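A.B. asks: Okay, here's the structure, questions in a sec.
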Amino acid sequence: MSKLKRTLALLATLAVTSTAFVACGGKKEDSPAPTPAENNNSVADDANAGDAGDAGDAGDAGDAGDAGDAGDAGDAGDAGNDAPAAGGEISLPDTDDVLTIVCWTDTDLNNMFDIYTPVQASEVKYQQCGGNGTEASTQYANYLNSGDDVDLFVAEAGWILNYINDDSMSAPLEQLGISTADYADAYQYTVEIGTDNNGVLKAASWQAAAGGWAYNADLAEQYLGVTSEDDMQAKVSSWDNFKATAEELKTASDGAVTMTVSLGGLWQAFSTAQNAAWVDGTTINTGIASDFVAMAKEYVDGGYIDPSVKQWGTEWENYGKDGKTLGYFFSTWCLGEGAQLDTNCGTAGNWRLIQGPQEYFWGGSWLCVSPNCNTATEAANFIRTFTCNADTMEEYALYSGDFANNKVAMNKIISDGSNSNPSLGGQDQFAVLAGVAEGIKMSDSISKYDQNLKDTLLNTLFENISDDADTILQKFTDQALADNTDLNA
Amino acid sequence: MASAAQSRIKSISYAKYGYMFIAPFFLVYCFFQIWPLIYTFILSFKGNQSNYDSFVGLDNYTTILFGQGMAAGAAATKAEFLQALGNTFVLWFGNFVPQILLSLLLAVWFTDAKVKLPGKGFFKVVMYMPNIITAASVAALYVNLFGDSEYYFVNSLLMNAGMADPIHFVTDPTISKIMVMFIQTWLWFGNTMIMLMSGIMGISPSLFEAADIDGANSTQQFFNITLPLLQPIMVYTLVTSMIGGLQMFDLPYLFHNGAQFSRSLETVAVYIYYNFNKGTVEQASYGYAGAASIIIFGITAILGSVTFYVNRDQDAAAKKKQRKLAEKQQKARAKQGGGLTI
């Protein structure tokens, strides 16, 4: 009897010990993002169970209401199945039927899965990691190392180099049978950035992140007497003109309306003009910072920008709605339905997009493959559909308002005149951005330090804007060096 | 002579079951407490970022304490760390002092039989309430109430009342510090109050009665009876609050506008977290984070010892000394007496 008691007690302690270690394992229970593909699950399953080659039919059945969609879903399926013949072999395994995509925002992915029906995978899971790009840049590392399921992850230009140059984080696209040759129609800079230091293609982008300047046409007419986009463009065609117009606006509105909403936006347009890398070898290029600090001081002291407005903050959103700013610098991913243009400006005033003082690009997201990808066929299908296939990319661009990374698709949309953005009064934003996208040269000026240096500069400006330019610059340099032990100034 | 059975029984030891049953605790303790502690020490002697795997000796310490190290930004790193250390002390002091004064006042009132405060139970609960809300929620609450512009409650109220410009509660370096001190005080004074009340209630009521009869007024009673006898609880509160204060993280980290914490609220704990959590191993500064952890550990240990030393029971210590002296003298005498104990 006492032996039984002892054994029981021992078992109990063992159970307690083992539960204490449970936390060391994976955290699969993490609540998955709602899966847009769920509606199609049963259909996709049927396709799997029946004949994978017949995936097109499955798509038809699933989206019978929308003939266009159904056809494309079918194409996607075919593309995937033909892939090994067309491209290389898929060498990653196909052992899981849940496609897990790590991201920090699911807006783009939701749009994609609205028009794409998974063929092999029964479920698509978004794993949210961080609330914005900056947080994601640091939190991805933990997640990707945790051993939890991950097939694809979305990375941003400012920090993608940290991940694609690390073989434990990312796998070559070649392992999904996708090669550089598949990106003949893509905007070249996206391919260059997606290629790691050894010349291996590691990431593919679905968008060309060209940016423009969206302005409130009502305010422009009221204070500047400008009635057409061309006239407005003429008034802001260079930085000098931009500043002169800002002064004019300030006088006309008695300081009630600022020229543009935030220093964060101004930075994006400004930094492109530098056409120089943040880091030269191991030396921080403080010239960029000092030029921008000077510009920022000028705009803030002149009253053209309210320095207390932080990029993406509540004030940033409301200044557009409340008519307290003339315009925003918006990248392509701000212009779709439900994106920033829509939420900040869509319901108030009459907004239009122009190129603004400077052709620039802003961010852009790339799809990277995890070395632990175990839903390879579906992942390959998905990447092909949104980064190589002109038909589906055209559909995606029209559906989401995002500037797709495919010249053929975009030129077709512009020449067909098939796109009109309700938030821009029916204007076709692609026509404005197409020239910008062609000209983007980004690859030789990005470094893995970009996100940190940019955040540090903008935060330093935000917190110390009342100091003089030299002090701000010194604080920035100090912080940048303290944060990055590899660098010197 | 013991029988065979008896000697066999004698050899049976139940100790091994004891060890087995306490083993889980030690296993878990080693795994989750001892090893991380040791590993922090190890990390503090290793490099940062791309140099993360090599042994650098005391470089991290000299860098963050004296600004002398391998990295070009050594001086800036030192400045940042010392700034963080300064913020930590300012924030701790600024919330501890008002907190202990307020708690003491309330504790005395609530326990004083002569002050007939109505609704004591209700107030105790209400004052303790903030302490049960997580700091994260509280930070979110305050950021949304005290946001920097007219889009947030307090500023919109003030501006409707005629104020011209919004007060930057969240981003102004000084005001945001005061806000954090205020929130910390608001969060913790209920807890401290309950603690002090239990201390006061532990004091024998006969002392107060005797003082009353002798004609002591309530100020004299407070300073001559309550406060001296409350000392052990006060020391406990001071030490726990100091340890908590030096590790203050959640509010300073969360009280900000935008994606990143405010540098003006950066405490040592925030510094450690930030450096530790900058992304991939090649981006994170494990060495600095480790060294900062060890330094804060040292500071806590020193301050804790000092507090205990200053507040030790001096009468008891003196008595112990006397007793030891007496024993010594007795021994000496015994020796003189030819080793015979009298």
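Chain labels follow the order of the structure tokens: the first chain is A, the next B, and so on; residue numbering restarts at 1 in every chain, and ligands are counted from 1 in their shown order.
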Skip Gly417 in chain A itself and residues of its chain fewer than 6 positions away, then list as a short mmCIF file (atom, residue, chain, number, x, y, z; two decimals) with C-alpha atoms, in the first residue's frame all residues within 10 Å of it, counting only C-alpha atoms.

C.D. replies:
data_model
loop_
_atom_site.label_atom_id
_atom_site.label_comp_id
_atom_site.auth_asym_id
_atom_site.auth_seq_id
_atom_site.Cartn_x
_atom_site.Cartn_y
_atom_site.Cartn_z
CA ASN A 411 0.92 48.89 -68.48
CA GLN A 427 -8.33 58.98 -60.54
CA ASP A 428 -6.04 56.14 -61.68
CA PHE A 430 -1.21 53.69 -61.31
CA ALA A 431 -0.85 56.20 -64.13
#

A.B. asks: Starting from chain B, keep only residues with some atom at most 6 Å from an atom of chain A, counting only C-alpha atoms, and report them as a PyMOL selection string.

C.D. replies: chain B and resi 24+71-73+76-77+278-280

A.B. asks: For those residues, write N, CA and C atoms to a file as an mmCIF file, in the first residue's frame.

C.D. replies:
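Full text of again_19.cif as output:
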data_model
loop_
_atom_site.group_PDB
_atom_site.id
_atom_site.type_symbol
_atom_site.label_atom_id
_atom_site.label_comp_id
_atom_site.auth_asym_id
_atom_site.auth_seq_id
_atom_site.Cartn_x
_atom_site.Cartn_y
_atom_site.Cartn_z
ATOM 1 N N PRO B 24 12.145 17.860 -8.318
ATOM 2 C CA PRO B 24 11.516 18.681 -9.359
ATOM 3 C C PRO B 24 11.765 20.161 -9.151
ATOM 4 N N ALA B 71 33.892 49.662 -29.351
ATOM 5 C CA ALA B 71 32.954 50.262 -30.301
ATOM 6 C C ALA B 71 33.180 51.764 -30.420
ATOM 7 N N ALA B 72 32.920 52.279 -31.626
ATOM 8 C CA ALA B 72 33.098 53.711 -31.854
ATOM 9 C C ALA B 72 32.124 54.515 -30.995
ATOM 10 N N GLY B 73 30.990 53.888 -30.690
ATOM 11 C CA GLY B 73 29.986 54.610 -29.923
ATOM 12 C C GLY B 73 30.092 54.394 -28.425
ATOM 13 N N ALA B 76 28.931 57.255 -26.291
ATOM 14 C CA ALA B 76 27.483 57.433 -26.392
ATOM 15 C C ALA B 76 26.755 56.343 -25.623
ATOM 16 N N THR B 77 27.318 55.133 -25.653
ATOM 17 C CA THR B 77 26.697 54.034 -24.924
ATOM 18 C C THR B 77 26.709 54.322 -23.432
ATOM 19 N N LYS B 278 16.821 43.611 -30.124
ATOM 20 C CA LYS B 278 16.875 44.413 -31.342
ATOM 21 C C LYS B 278 16.766 43.580 -32.608
ATOM 22 N N GLY B 279 16.422 42.307 -32.486
ATOM 23 C CA GLY B 279 16.238 41.515 -33.701
ATOM 24 C C GLY B 279 17.125 40.287 -33.712
ATOM 25 N N THR B 280 17.686 39.985 -34.872
ATOM 26 C CA THR B 280 18.515 38.792 -34.989
ATOM 27 C C THR B 280 19.759 38.948 -34.098
#

A.B. asks: Once DSSP has gone over the backbone, tell me which residues of range 163-394 of chain A are in strand (DSSP E or B), as an MDAnalysis selection string.

C.D. replies: chainID A and resid 171 176 195 201 203:205 207 210:216 258:260 279:280 283:284 325:331 351:354 360:361 365:369

A.B. asks: Work out how far CA of Leu229 in chain B is from CA of Ser206 in chain B, in Å to one decimal.

C.D. replies: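 Atom-to-atom, CA of Ser206 in chain B to CA of Leu229 in chain B, that is 13.4 Å.
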
A.B. asks: Measuring between only C-alpha atoms, which one of B:Val138, B:Val126, B:Val143, B:Ala210 shows the shortest distance to Thr171 in chain B?

C.D. replies: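 Result for the nearest residue to Thr171 in chain B: B:Val143.
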
A.B. asks: Which residues are close to Leu219 in chain A, i.e. within 10 Å by only C-alpha atoms, leaving aside same-chain residues fewer than 2 positions away? Reply as an MDAnalysis selection string.

C.D. replies: chainID A and resid 215:217 221:226 249 253 257 323:327 349:351

A.B. asks: Could you pull out all residues of range 76-197 of chain A with a DSSP call of alpha helix (DSSP H) and give them as a ChimeraX atom specification?

C.D. replies: /A:76-86,107-115,133-145,160-164,188-193

A.B. asks: For the selection just defined, write its residues with C-alpha atoms to a file, as a PDB file, in the first residue's frame.

C.D. replies:
ATOM      1  CA  ALA A  76      -2.668  29.401 -60.367  1.00  0.00           C
ATOM      2  CA  GLY A  77      -3.198  25.747 -59.699  1.00  0.00           C
ATOM      3  CA  ASP A  78      -1.933  24.812 -63.125  1.00  0.00           C
ATOM      4  CA  ALA A  79       1.072  27.056 -62.793  1.00  0.00           C
ATOM      5  CA  GLY A  80       2.024  25.310 -59.603  1.00  0.00           C
ATOM      6  CA  ASN A  81       1.640  21.880 -61.068  1.00  0.00           C
ATOM      7  CA  ASP A  82       3.646  22.749 -64.133  1.00  0.00           C
ATOM      8  CA  ALA A  83       6.289  24.478 -62.099  1.00  0.00           C
ATOM      9  CA  PRO A  84       8.820  21.685 -61.887  1.00  0.00           C
ATOM     10  CA  ALA A  85       8.891  21.424 -65.655  1.00  0.00           C
ATOM     11  CA  ALA A  86       9.077  25.182 -66.233  1.00  0.00           C
ATOM     12  CA  THR A 107      -4.262  43.818 -45.277  1.00  0.00           C
ATOM     13  CA  ASP A 108      -2.326  42.755 -48.378  1.00  0.00           C
ATOM     14  CA  LEU A 109      -2.662  39.069 -47.618  1.00  0.00           C
ATOM     15  CA  ASN A 110      -6.399  39.388 -47.109  1.00  0.00           C
ATOM     16  CA  ASN A 111      -6.653  40.995 -50.521  1.00  0.00           C
ATOM     17  CA  MET A 112      -4.566  38.235 -52.043  1.00  0.00           C
ATOM     18  CA  PHE A 113      -6.547  35.426 -50.525  1.00  0.00           C
ATOM     19  CA  ASP A 114      -9.734  37.071 -51.672  1.00  0.00           C
ATOM     20  CA  ILE A 115      -8.653  36.276 -55.213  1.00  0.00           C
ATOM     21  CA  GLY A 133       7.339  47.062 -39.614  1.00  0.00           C
ATOM     22  CA  THR A 134       9.726  48.258 -36.919  1.00  0.00           C
ATOM     23  CA  GLU A 135       8.408  45.831 -34.334  1.00  0.00           C
ATOM     24  CA  ALA A 136       8.295  43.057 -36.888  1.00  0.00           C
ATOM     25  CA  SER A 137      11.951  43.598 -37.756  1.00  0.00           C
ATOM     26  CA  THR A 138      12.901  42.599 -34.218  1.00  0.00           C
ATOM     27  CA  GLN A 139      10.200  40.099 -33.364  1.00  0.00           C
ATOM     28  CA  TYR A 140      10.555  37.953 -36.458  1.00  0.00           C
ATOM     29  CA  ALA A 141      13.899  36.623 -35.274  1.00  0.00           C
ATOM     30  CA  ASN A 142      12.340  35.206 -32.125  1.00  0.00           C
ATOM     31  CA  TYR A 143       9.438  33.694 -33.984  1.00  0.00           C
ATOM     32  CA  LEU A 144      11.490  32.161 -36.770  1.00  0.00           C
ATOM     33  CA  ASN A 145      13.830  30.635 -34.185  1.00  0.00           C
ATOM     34  CA  ILE A 160      15.026  42.525 -45.238  1.00  0.00           C
ATOM     35  CA  LEU A 161      18.823  42.191 -45.599  1.00  0.00           C
ATOM     36  CA  ASN A 162      19.062  40.916 -42.030  1.00  0.00           C
ATOM     37  CA  TYR A 163      16.891  37.994 -42.963  1.00  0.00           C
ATOM     38  CA  ILE A 164      17.809  37.083 -46.514  1.00  0.00           C
ATOM     39  CA  GLN A 188      14.247  45.229 -61.515  1.00  0.00           C
ATOM     40  CA  TYR A 189      14.993  46.733 -58.133  1.00  0.00           C
ATOM     41  CA  THR A 190      12.660  44.267 -56.431  1.00  0.00           C
ATOM     42  CA  VAL A 191      14.717  41.389 -57.779  1.00  0.00           C
ATOM     43  CA  GLU A 192      17.996  43.032 -56.822  1.00  0.00           C
ATOM     44  CA  ILE A 193      16.867  43.562 -53.257  1.00  0.00           C
TER      45      ILE A 193
END
